[in-house]
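So this block is data_23.cif, mmCIF, C-alpha atoms:
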```
data_model
#
loop_
_atom_site.group_PDB
_atom_site.id
_atom_site.type_symbol
_atom_site.label_atom_id
_atom_site.label_comp_id
_atom_site.auth_asym_id
_atom_site.auth_seq_id
_atom_site.Cartn_x
_atom_site.Cartn_y
_atom_site.Cartn_z
ATOM 1 C CA MET A 715 122.405 103.338 111.408
ATOM 2 C CA VAL A 716 120.443 106.357 110.242
ATOM 3 C CA GLU A 717 123.427 107.595 108.219
ATOM 4 C CA ALA A 718 123.068 104.510 106.030
ATOM 5 C CA LEU A 719 119.776 105.694 104.571
ATOM 6 C CA MET A 720 120.760 106.313 100.996
ATOM 7 C CA THR A 721 118.428 105.114 98.256
ATOM 8 C CA ASN A 722 115.863 107.535 96.836
ATOM 9 C CA VAL A 723 112.622 106.097 95.512
ATOM 10 C CA HIS A 724 110.520 108.490 93.465
ATOM 11 C CA PHE A 725 107.176 107.788 91.864
ATOM 12 C CA GLN A 726 105.413 109.277 88.858
ATOM 13 C CA PRO A 727 102.693 111.772 89.812
ATOM 14 C CA ALA A 728 99.240 110.327 90.328
ATOM 15 C CA PRO A 729 96.382 111.601 88.179
ATOM 16 C CA LEU A 730 95.137 115.032 89.221
ATOM 17 C CA SER A 731 91.744 113.436 89.866
ATOM 18 C CA ASP A 732 93.251 111.472 92.780
ATOM 19 C CA PRO A 733 94.793 114.060 95.146
ATOM 20 C CA LEU A 734 95.102 111.655 98.083
ATOM 21 C CA GLY A 735 96.783 109.110 95.846
ATOM 22 C CA GLU A 736 99.159 111.828 94.709
ATOM 23 C CA VAL A 737 100.201 112.505 98.302
ATOM 24 C CA LEU A 738 101.063 108.809 98.635
ATOM 25 C CA HIS A 739 102.993 108.886 95.369
ATOM 26 C CA ILE A 740 105.124 111.803 96.577
ATOM 27 C CA LEU A 741 105.999 110.219 99.904
ATOM 28 C CA HIS A 742 109.529 110.051 98.454
ATOM 29 C CA LEU A 743 110.712 107.313 100.780
ATOM 30 C CA THR A 744 114.416 107.711 101.262
ATOM 31 C CA GLY A 745 116.746 104.786 101.606
ATOM 32 C CA THR A 746 115.796 101.806 103.637
ATOM 33 C CA LEU A 747 118.078 100.158 106.167
ATOM 34 C CA TYR A 748 117.254 96.515 106.756
ATOM 35 C CA CYS A 749 117.982 94.130 109.541
ATOM 36 C CA ARG A 750 117.160 90.454 109.113
ATOM 37 C CA ALA A 751 116.883 89.085 112.635
ATOM 38 C CA GLU A 752 116.790 85.571 114.036
ATOM 39 C CA MET A 753 115.816 85.584 117.713
ATOM 40 C CA THR A 754 115.610 82.603 120.057
ATOM 41 C CA ALA A 755 113.534 82.875 123.231
ATOM 42 C CA PRO A 756 113.906 84.534 125.587
ATOM 43 C CA TRP A 757 114.868 87.670 123.697
ATOM 44 C CA GLY A 758 114.150 91.390 123.701
ATOM 45 C CA ILE A 759 115.302 94.445 121.739
ATOM 46 C CA VAL A 760 114.899 98.122 122.608
ATOM 47 C CA MET A 761 114.617 100.226 119.449
ATOM 48 C CA PRO A 762 115.713 103.862 119.844
ATOM 49 C CA GLN A 763 113.632 106.841 118.814
ATOM 50 C CA LEU A 764 114.461 107.942 115.265
ATOM 51 C CA VAL A 765 113.301 111.480 114.488
ATOM 52 C CA ASP A 766 111.581 112.068 111.125
ATOM 53 C CA SER A 767 111.647 108.365 110.329
ATOM 54 C CA MET A 768 109.221 105.508 109.986
ATOM 55 C CA MET A 769 110.083 102.070 111.306
ATOM 56 C CA PHE A 770 108.518 98.760 110.360
ATOM 57 C CA VAL A 771 108.756 95.133 111.459
ATOM 58 C CA ILE A 772 107.620 92.115 109.447
ATOM 59 C CA VAL A 773 107.482 88.813 111.337
ATOM 60 C CA THR A 774 108.189 86.056 108.847
ATOM 61 C CA SER A 775 108.073 83.153 111.324
ATOM 62 C CA GLY A 776 107.203 82.795 114.989
ATOM 63 C CA HIS A 777 105.886 85.803 116.875
ATOM 64 C CA GLY A 778 106.885 88.774 118.973
ATOM 65 C CA TRP A 779 105.331 91.361 121.270
ATOM 66 C CA LEU A 780 105.565 95.047 120.443
ATOM 67 C CA VAL A 781 105.541 97.199 123.574
ATOM 68 C CA MET A 782 105.409 100.984 123.410
ATOM 69 C CA ASP A 783 104.724 103.617 126.044
ATOM 70 C CA GLY A 784 101.056 104.592 126.054
ATOM 71 C CA GLN A 785 99.958 101.575 123.987
ATOM 72 C CA GLU A 786 98.677 98.127 124.902
ATOM 73 C CA PRO A 787 101.197 95.324 124.190
ATOM 74 C CA LEU A 788 100.587 94.054 120.660
ATOM 75 C CA LEU A 789 101.115 90.450 119.583
ATOM 76 C CA VAL A 790 102.706 90.393 116.135
ATOM 77 C CA GLY A 791 102.292 86.968 114.592
ATOM 78 C CA GLN A 792 103.719 85.289 111.529
ATOM 79 C CA GLY A 793 102.830 87.165 108.364
ATOM 80 C CA SER A 794 102.061 90.405 110.191
ATOM 81 C CA MET A 795 103.517 93.830 109.732
ATOM 82 C CA VAL A 796 103.638 96.784 112.100
ATOM 83 C CA LEU A 797 104.474 100.295 110.925
ATOM 84 C CA LEU A 798 105.503 102.988 113.406
ATOM 85 C CA PRO A 799 105.074 106.223 111.417
ATOM 86 C CA HIS A 800 106.588 108.608 113.979
ATOM 87 C CA GLY A 801 109.822 106.793 114.772
ATOM 88 C CA GLN A 802 108.935 106.337 118.441
ATOM 89 C CA SER A 803 111.039 104.096 120.640
ATOM 90 C CA TYR A 804 109.590 100.626 121.213
ATOM 91 C CA ARG A 805 110.514 97.192 122.498
ATOM 92 C CA LEU A 806 110.157 93.963 120.529
ATOM 93 C CA LEU A 807 110.022 90.998 122.912
ATOM 94 C CA SER A 808 109.561 87.235 122.994
ATOM 95 C CA ALA A 809 107.075 87.788 125.852
ATOM 96 C CA PRO A 810 105.579 90.972 127.310
ATOM 97 C CA ASP A 811 107.759 90.707 130.436
ATOM 98 C CA ALA A 812 111.000 89.654 128.723
ATOM 99 C CA ASP A 813 114.215 91.549 129.396
ATOM 100 C CA ALA A 814 115.525 93.623 126.514
ATOM 101 C CA LEU A 815 118.871 94.954 125.321
ATOM 102 C CA PRO A 816 119.347 98.266 123.471
ATOM 103 C CA LEU A 817 119.632 97.695 119.749
ATOM 104 C CA PHE A 818 123.170 99.032 119.481
ATOM 105 C CA ASP A 819 124.390 96.677 122.231
ATOM 106 C CA ILE A 820 123.512 93.622 120.138
ATOM 107 C CA PRO A 821 126.213 92.442 117.695
ATOM 108 C CA VAL A 822 125.255 92.285 114.016
ATOM 109 C CA GLU A 823 126.842 90.913 110.885
ATOM 110 C CA LYS A 824 127.076 93.870 108.508
ATOM 111 C CA ILE A 825 126.504 92.676 104.956
ATOM 112 C CA SER A 826 126.461 96.140 103.373
ATOM 113 C CA GLU A 827 125.787 99.762 104.263
ATOM 114 C CA ARG A 828 122.051 99.053 104.218
ATOM 115 C CA TYR A 829 121.742 95.401 105.138
ATOM 116 C CA GLU A 830 122.676 93.534 108.304
ATOM 117 C CA ILE A 831 121.912 90.275 110.056
ATOM 118 C CA MET A 832 121.243 89.906 113.776
ATOM 119 C CA ARG A 833 121.235 86.716 115.842
ATOM 120 C CA HIS A 834 120.107 87.176 119.406
ATOM 121 C CA GLY A 835 118.496 85.326 122.295
ATOM 122 C CA GLY A 836 118.596 82.451 124.740
ATOM 123 C CA GLY A 837 118.371 79.432 122.447
ATOM 124 C CA GLY A 838 114.650 78.600 122.668
ATOM 125 C CA GLU A 839 111.767 79.018 120.218
ATOM 126 C CA VAL A 840 112.808 80.802 117.021
ATOM 127 C CA THR A 841 111.290 84.015 115.676
ATOM 128 C CA ARG A 842 112.466 85.535 112.421
ATOM 129 C CA ALA A 843 111.724 89.102 111.431
ATOM 130 C CA THR A 844 112.779 91.744 108.950
ATOM 131 C CA SER A 845 112.851 95.330 110.163
ATOM 132 C CA GLY A 846 113.611 98.565 108.425
ATOM 133 C CA VAL A 847 113.773 102.330 108.657
ATOM 134 C CA VAL A 848 112.547 104.748 105.985
ATOM 135 C CA GLN A 849 112.484 108.518 105.802
ATOM 136 C CA PHE A 850 110.393 110.879 103.691
ATOM 137 C CA ASP A 851 111.166 114.303 102.302
ATOM 138 C CA SER A 852 108.048 116.026 100.989
ATOM 139 C CA VAL A 853 105.791 118.529 102.723
ATOM 140 C CA ALA A 854 102.690 116.566 101.742
ATOM 141 C CA ALA A 855 104.193 113.393 103.167
ATOM 142 C CA ARG A 856 105.006 115.072 106.462
ATOM 143 C CA ARG A 857 101.464 116.375 106.833
ATOM 144 C CA LEU A 858 100.025 112.945 106.042
ATOM 145 C CA VAL A 859 102.384 111.138 108.393
ATOM 146 C CA SER A 860 101.560 113.578 111.204
ATOM 147 C CA LEU A 861 97.950 112.369 111.021
ATOM 148 C CA LEU A 862 98.763 108.668 111.289
ATOM 149 C CA PRO A 863 98.334 106.792 114.607
ATOM 150 C CA PRO A 864 101.387 105.637 116.605
ATOM 151 C CA VAL A 865 101.110 102.059 115.294
ATOM 152 C CA LEU A 866 99.620 100.572 112.136
ATOM 153 C CA HIS A 867 99.161 96.794 112.343
ATOM 154 C CA VAL A 868 98.389 94.752 109.250
ATOM 155 C CA ASP A 869 97.699 91.029 109.704
ATOM 156 C CA ALA A 870 97.549 89.657 106.186
ATOM 157 C CA TRP A 871 97.213 85.973 106.921
ATOM 158 C CA GLY A 872 93.827 86.517 108.560
ATOM 159 C CA ASP A 873 92.364 88.733 105.856
ATOM 160 C CA ASP A 874 91.262 87.188 102.575
ATOM 161 C CA ALA A 875 90.961 90.664 101.055
ATOM 162 C CA ALA A 876 94.633 91.430 101.642
ATOM 163 C CA ASN A 877 96.113 89.067 99.071
ATOM 164 C CA TRP A 878 98.543 91.777 97.991
ATOM 165 C CA LEU A 879 100.087 91.895 101.439
ATOM 166 C CA GLN A 880 100.176 88.145 101.870
ATOM 167 C CA SER A 881 101.967 87.784 98.544
ATOM 168 C CA THR A 882 104.398 90.610 99.255
ATOM 169 C CA LEU A 883 105.187 89.350 102.757
ATOM 170 C CA GLY A 884 105.833 85.946 101.231
ATOM 171 C CA LEU A 885 108.363 87.504 98.868
ATOM 172 C CA VAL A 886 110.006 89.352 101.767
ATOM 173 C CA ALA A 887 110.237 86.099 103.725
ATOM 174 C CA ARG A 888 111.896 84.321 100.807
ATOM 175 C CA GLU A 889 114.324 87.149 100.146
ATOM 176 C CA ALA A 890 115.153 87.377 103.859
ATOM 177 C CA SER A 891 115.846 83.657 104.112
ATOM 178 C CA THR A 892 118.833 83.769 101.765
ATOM 179 C CA LEU A 893 121.253 86.311 100.354
ATOM 180 C CA ARG A 894 120.691 85.812 96.651
ATOM 181 C CA PRO A 895 122.167 88.185 94.058
ATOM 182 C CA GLY A 896 120.096 91.357 93.900
ATOM 183 C CA GLY A 897 118.352 90.572 97.180
ATOM 184 C CA GLU A 898 118.989 94.020 98.638
ATOM 185 C CA THR A 899 117.383 95.756 95.662
ATOM 186 C CA VAL A 900 114.366 93.465 95.724
ATOM 187 C CA MET A 901 113.820 93.982 99.446
ATOM 188 C CA THR A 902 114.186 97.756 99.101
ATOM 189 C CA ARG A 903 111.398 97.889 96.531
ATOM 190 C CA LEU A 904 109.202 95.472 98.475
ATOM 191 C CA ALA A 905 109.556 97.527 101.659
ATOM 192 C CA ASP A 906 108.548 100.713 99.864
ATOM 193 C CA ILE A 907 105.430 98.933 98.595
ATOM 194 C CA LEU A 908 104.609 97.575 102.044
ATOM 195 C CA VAL A 909 104.886 100.959 103.756
ATOM 196 C CA ILE A 910 102.655 102.683 101.228
ATOM 197 C CA GLN A 911 100.145 99.826 101.198
ATOM 198 C CA ALA A 912 99.976 99.784 105.002
ATOM 199 C CA ILE A 913 99.133 103.492 104.961
ATOM 200 C CA ARG A 914 96.540 102.898 102.236
ATOM 201 C CA ALA A 915 94.932 100.160 104.317
ATOM 202 C CA TRP A 916 94.607 102.609 107.227
ATOM 203 C CA LEU A 917 93.177 105.305 104.952
ATOM 204 C CA ASP A 918 90.552 102.847 103.686
ATOM 205 C CA THR A 919 89.379 101.690 107.112
ATOM 206 C CA ALA A 920 90.071 104.269 109.838
ATOM 207 C CA PRO A 921 87.188 106.656 110.684
ATOM 208 C CA GLU A 922 89.649 109.471 111.399
ATOM 209 C CA ALA A 923 90.904 109.196 107.803
ATOM 210 C CA ASN A 924 87.615 110.838 106.739
ATOM 211 C CA LEU A 925 88.159 114.033 108.716
ATOM 212 C CA GLY A 926 89.913 117.352 108.174
ATOM 213 C CA TRP A 927 92.655 117.660 105.568
ATOM 214 C CA LEU A 928 92.287 114.006 104.537
ATOM 215 C CA ALA A 929 88.570 114.527 103.953
ATOM 216 C CA ALA A 930 89.345 117.615 101.861
ATOM 217 C CA LEU A 931 91.760 115.584 99.717
ATOM 218 C CA ARG A 932 89.027 112.981 99.159
ATOM 219 C CA ASP A 933 86.449 115.643 98.265
ATOM 220 C CA PRO A 934 86.140 115.730 94.447
ATOM 221 C CA GLN A 935 86.030 119.523 94.311
ATOM 222 C CA LEU A 936 88.302 120.591 97.149
ATOM 223 C CA GLY A 937 90.721 117.781 96.367
ATOM 224 C CA HIS A 938 91.143 119.057 92.826
ATOM 225 C CA ALA A 939 91.934 122.558 94.097
ATOM 226 C CA LEU A 940 94.386 121.198 96.684
ATOM 227 C CA ALA A 941 96.165 119.144 94.043
ATOM 228 C CA LEU A 942 96.560 122.224 91.856
ATOM 229 C CA MET A 943 98.075 124.206 94.738
ATOM 230 C CA HIS A 944 100.412 121.343 95.626
ATOM 231 C CA ARG A 945 101.599 120.895 92.055
ATOM 232 C CA ARG A 946 101.880 124.570 91.093
ATOM 233 C CA PRO A 947 102.649 126.553 94.240
ATOM 234 C CA GLU A 948 104.481 129.248 92.237
ATOM 235 C CA ARG A 949 101.317 130.269 90.385
ATOM 236 C CA SER A 950 99.493 133.436 91.531
ATOM 237 C CA TRP A 951 96.343 131.651 92.611
ATOM 238 C CA SER A 952 93.294 133.576 93.743
ATOM 239 C CA VAL A 953 90.330 132.255 95.692
ATOM 240 C CA ALA A 954 88.084 132.956 92.704
ATOM 241 C CA GLU A 955 90.370 131.044 90.333
ATOM 242 C CA LEU A 956 90.630 128.034 92.635
ATOM 243 C CA ALA A 957 86.869 128.076 93.169
ATOM 244 C CA GLY A 958 86.401 128.061 89.401
ATOM 245 C CA GLU A 959 88.773 125.112 89.042
ATOM 246 C CA ALA A 960 86.712 123.318 91.693
ATOM 247 C CA GLY A 961 83.465 124.125 89.903
ATOM 248 C CA MET A 962 82.097 126.058 92.878
ATOM 249 C CA SER A 963 81.109 129.596 93.723
ATOM 250 C CA ARG A 964 83.739 131.637 95.538
ATOM 251 C CA SER A 965 81.726 131.818 98.763
ATOM 252 C CA ALA A 966 80.799 128.115 98.829
ATOM 253 C CA PHE A 967 84.378 127.093 98.071
ATOM 254 C CA SER A 968 85.834 129.330 100.784
ATOM 255 C CA ALA A 969 83.345 128.135 103.400
ATOM 256 C CA ARG A 970 83.802 124.430 102.672
ATOM 257 C CA PHE A 971 87.587 124.717 102.504
ATOM 258 C CA THR A 972 87.811 126.486 105.855
ATOM 259 C CA ASP A 973 85.370 124.034 107.430
ATOM 260 C CA LEU A 974 87.300 120.923 106.373
ATOM 261 C CA VAL A 975 90.931 122.060 106.336
ATOM 262 C CA GLY A 976 90.616 124.307 109.383
ATOM 263 C CA GLN A 977 92.043 127.480 107.839
ATOM 264 C CA PRO A 978 91.198 129.818 104.925
ATOM 265 C CA VAL A 979 92.417 128.760 101.511
ATOM 266 C CA MET A 980 94.932 131.588 101.007
ATOM 267 C CA GLN A 981 96.406 131.055 104.454
ATOM 268 C CA TYR A 982 96.803 127.350 103.637
ATOM 269 C CA LEU A 983 98.494 128.197 100.339
ATOM 270 C CA ALA A 984 100.849 130.714 101.960
ATOM 271 C CA GLN A 985 101.915 128.231 104.649
ATOM 272 C CA TRP A 986 102.261 125.434 102.108
ATOM 273 C CA ARG A 987 104.597 127.594 100.026
ATOM 274 C CA LEU A 988 106.700 128.484 103.050
ATOM 275 C CA HIS A 989 107.049 124.845 104.111
ATOM 276 C CA LEU A 990 108.113 123.922 100.577
ATOM 277 C CA ALA A 991 110.627 126.750 100.591
ATOM 278 C CA ARG A 992 112.022 125.679 103.952
ATOM 279 C CA ALA A 993 112.565 122.140 102.636
ATOM 280 C CA GLN A 994 114.333 123.475 99.542
ATOM 281 C CA LEU A 995 116.579 125.758 101.586
ATOM 282 C CA LEU A 996 117.687 122.835 103.711
ATOM 283 C CA GLU A 997 118.062 120.312 100.904
ATOM 284 C CA SER A 998 119.652 122.425 98.160
ATOM 285 C CA ARG A 999 122.174 125.213 97.702
ATOM 286 C CA ASP A 1000 119.943 127.130 95.297
ATOM 287 C CA PRO A 1001 119.981 130.927 95.740
ATOM 288 C CA VAL A 1002 117.324 132.274 98.078
ATOM 289 C CA GLY A 1003 115.843 134.268 95.206
ATOM 290 C CA ALA A 1004 115.285 131.103 93.152
ATOM 291 C CA VAL A 1005 113.647 129.377 96.119
ATOM 292 C CA ALA A 1006 111.440 132.433 96.641
ATOM 293 C CA ARG A 1007 110.262 132.391 93.008
ATOM 294 C CA ARG A 1008 109.411 128.689 93.173
ATOM 295 C CA ALA A 1009 107.378 129.467 96.283
ATOM 296 C CA GLY A 1010 105.318 132.050 94.401
ATOM 297 C CA TYR A 1011 107.100 135.214 95.597
ATOM 298 C CA GLU A 1012 108.117 137.844 93.042
ATOM 299 C CA SER A 1013 110.236 139.677 95.613
ATOM 300 C CA GLU A 1014 113.008 138.054 97.622
ATOM 301 C CA ALA A 1015 112.496 140.721 100.289
ATOM 302 C CA ALA A 1016 108.799 139.884 100.645
ATOM 303 C CA PHE A 1017 109.681 136.210 100.856
ATOM 304 C CA GLY A 1018 112.258 136.897 103.548
ATOM 305 C CA ARG A 1019 109.773 138.863 105.654
ATOM 306 C CA ALA A 1020 107.073 136.205 105.358
ATOM 307 C CA PHE A 1021 109.560 133.423 106.080
ATOM 308 C CA LYS A 1022 110.925 135.108 109.211
ATOM 309 C CA GLN A 1023 107.440 135.937 110.470
ATOM 310 C CA PHE A 1024 106.331 132.313 110.106
ATOM 311 C CA PHE A 1025 109.458 130.412 111.175
ATOM 312 C CA GLY A 1026 111.102 133.016 113.413
ATOM 313 C CA VAL A 1027 114.358 132.987 111.446
ATOM 314 C CA PRO A 1028 115.314 134.473 108.031
ATOM 315 C CA PRO A 1029 116.019 132.110 105.121
ATOM 316 C CA GLY A 1030 119.771 132.648 105.299
ATOM 317 C CA GLY A 1031 119.769 132.116 109.051
ATOM 318 C CA LEU A 1032 117.999 128.793 108.616
ATOM 319 C CA ARG A 1033 120.724 127.584 106.275
ATOM 320 C CA ARG A 1034 123.506 128.779 108.539
ATOM 321 C CA SER A 1035 121.986 127.043 111.574
ATOM 322 C CA ALA A 1036 121.575 123.829 109.588
ATOM 323 C CA VAL A 1037 125.247 123.825 108.586
ATOM 324 C CA ALA A 1038 126.518 124.726 112.057
#
```
Would you write out, as structure tokens, the structure that this file holds?
Amino acid sequence: MVEALMTNVHFQPAPLSDPLGEVLHILHLTGTLYCRAEMTAPWGIVMPQLVDSMMFVIVTSGHGWLVMDGQEPLLVGQGSMVLLPHGQSYRLLSAPDADALPLFDIPVEKISERYEIMRHGGGGEVTRATSGVVQFDSVAARRLVSLLPPVLHVDAWGDDAANWLQSTLGLVAREASTLRPGGETVMTRLADILVIQAIRAWLDTAPEANLGWLAALRDPQLGHALALMHRRPERSWSVAELAGEAGMSRSAFSARFTDLVGQPVMQYLAQWRLHLARAQLLESRDPVGAVARRAGYESEAAFGRAFKQFFGVPPGGLRRSAVA
């Protein structure tokens, strides 16, 4: 199932004046796998844990209950979407006490590598849903996703302000109801929009979205400095230069950055560079020296020492362990 994740979706960079928007633009969602499901009560499905993945469910008719360890059962009605940012295992049920089968024990009709149809249940009331799995491959995306709650629930039908979601869910429902030419492509793009918009809705309403790193990204001055570091990690930034870019004194910039982000600016930059380098080592076959230069290191030896100190393994060892 996870091996079928194939399609890359990349977005143009957001304006430098919108650092939080830029993080959303570089989520780099990677290939969506869809399942269009028709369930008849009683029914129940156990979804497995999927590491480094986000899962979503859109109920296009009927309703279902989402049950997850540590969370109250959640009723997901028609026109609603739930996003599970951390890929945790969950159950989707016709009733909170319904029996459930593991996902891979339920037969499906495989339409393509990324699209399948499931019919499951006891023959009663019908619920139709579209589910999917997406992955993300940027350091900024991983930090953002780590801050999201276990479940994001968006109920468009009950919110007059969410016309975008109502319209998009309507398109998903129509595409899911028939296999028209190009339907896979349309649904892929719609799902990418839904995931990003669900995260945006949380950012706009959740109190915790105004704390820490997210608050720093929203800050007009700190956000500008963060965006510069994210876009140009190879540059030899200094605290004074970043403070100047932010229009602040060096001392005021350093104090506010540490207060909001939770670590000094140069420590943040050093760790950001190392995380970027780690991702490049795993995702490319570029020479270690080239990766080191893109991470802002003039010396491959200095990069290797910093990398091993932070991750506990040298750059070459990381690659060898990934291949093994």
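Using the PyMOL selection byres ((chain A and resi 1029) around 9) on the file at hand returns these residues: A:Ala991, A:Arg992, A:Leu995, A:Val1002, A:Phe1017, A:Gly1018, A:Phe1021, A:Lys1022, A:Val1027, A:Pro1028, A:Gly1030, A:Gly1031, A:Leu1032, A:Arg1033, A:Arg1034.
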Suppose you want the space between CA of Asp973 in chain A and CA of Ala929 in chain A; what is it in Å?
-> 10.6 Å
A:Ala751, A:Ala809, A:Ile759, A:Val840: which is nearest Gly776 in chain A, counting all atoms listed in the file?
->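 Closest candidate: A:Val840.
One finds CA of Gly1026 in chain A at 18.4 Å from CA of Tyr1011 in chain A.
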Would you translate the PyMOL selection byres ((chain A and resi 812-814) around 9) into the concrete set of residues it matches in this file, as a list in words?
->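 Evaluating the PyMOL selection byres ((chain A and resi 812-814) around 9) on this file yields Pro756, Trp757, Gly758, Ile759, Val760, Arg805, Leu806, Leu807, Ser808, Ala809, Pro810, Asp811, Leu815, Pro816 and Leu817 of chain A.
CA of Arg914 in chain A is found 22.5 Å from CA of Ala843 in chain A.
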Hits of the PyMOL selection byres ((chain A and resi 796) around 6) in this structure, as a ChimeraX atom specification = /A:770-771,795,797,866-867
List the neighbours of Val865 in chain A out to 10 Å using all atoms listed in the file; skip same-chain residues closer than 2 positions along the sequence, and give me the result as a PyMOL selection string.
-> chain A and resi 769-770+780+782+785+788+796-802+862-863+867-868
Closest to Gly937 in chain A among A:Val953, A:Phe967, A:Glu922, A:Gly784, using all atoms listed in the file?
->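 Result for the nearest residue to Gly937 in chain A: A:Phe967.
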Hey, which of A:Leu988, A:Leu764, A:Val737, A:Val979 ends up closest to Arg1008 in chain A? Count only C-alpha atoms.
-> A:Leu988
May I have the residues within 12 Å of Arg932 in chain A as number ranges by chain, using all atoms listed in the file and disregarding those fewer than 4 positions away in the same chain?
-> A: 730-737, 917-918, 923-928, 936-941, 974-975
Could you check which of A:Gly791, A:Thr841, A:Asp933, A:Arg828 is closest to Phe971 in chain A, using all atoms listed in the file?
->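 Counting all atoms listed in the file, the residue closest to Phe971 in chain A is A:Asp933.
Each of A:Ser852, A:Ala960, A:Ile772, A:Thr919 was checked against Leu904 in chain A using only C-alpha atoms; the smallest atom-to-atom distance is that of A:Ile772.
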Extract, using only C-alpha atoms, all DNA, RNA and protein residues at most 10 Å from Glu948 in chain A, discarding same-chain residues fewer than 3 positions from it, and format them as number ranges by chain.
-> A: 943-945, 951, 987, 1005-1012
Nearest residue to Arg856 in chain A from the set A:Asp766, A:Leu956, A:Leu996, A:Tyr982 (distances using only C-alpha atoms) |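 Of A:Asp766, A:Leu956, A:Leu996, A:Tyr982, the one nearest Arg856 in chain A is A:Asp766, counting only C-alpha atoms.
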Name the residues, using the chain letters and numbers of the file, that sit within 8 Å of (118.6, 84.8, 121.1) when counting only C-alpha atoms, and give them as a PyMOL selection string.
-> chain A and resi 752-757+833-838
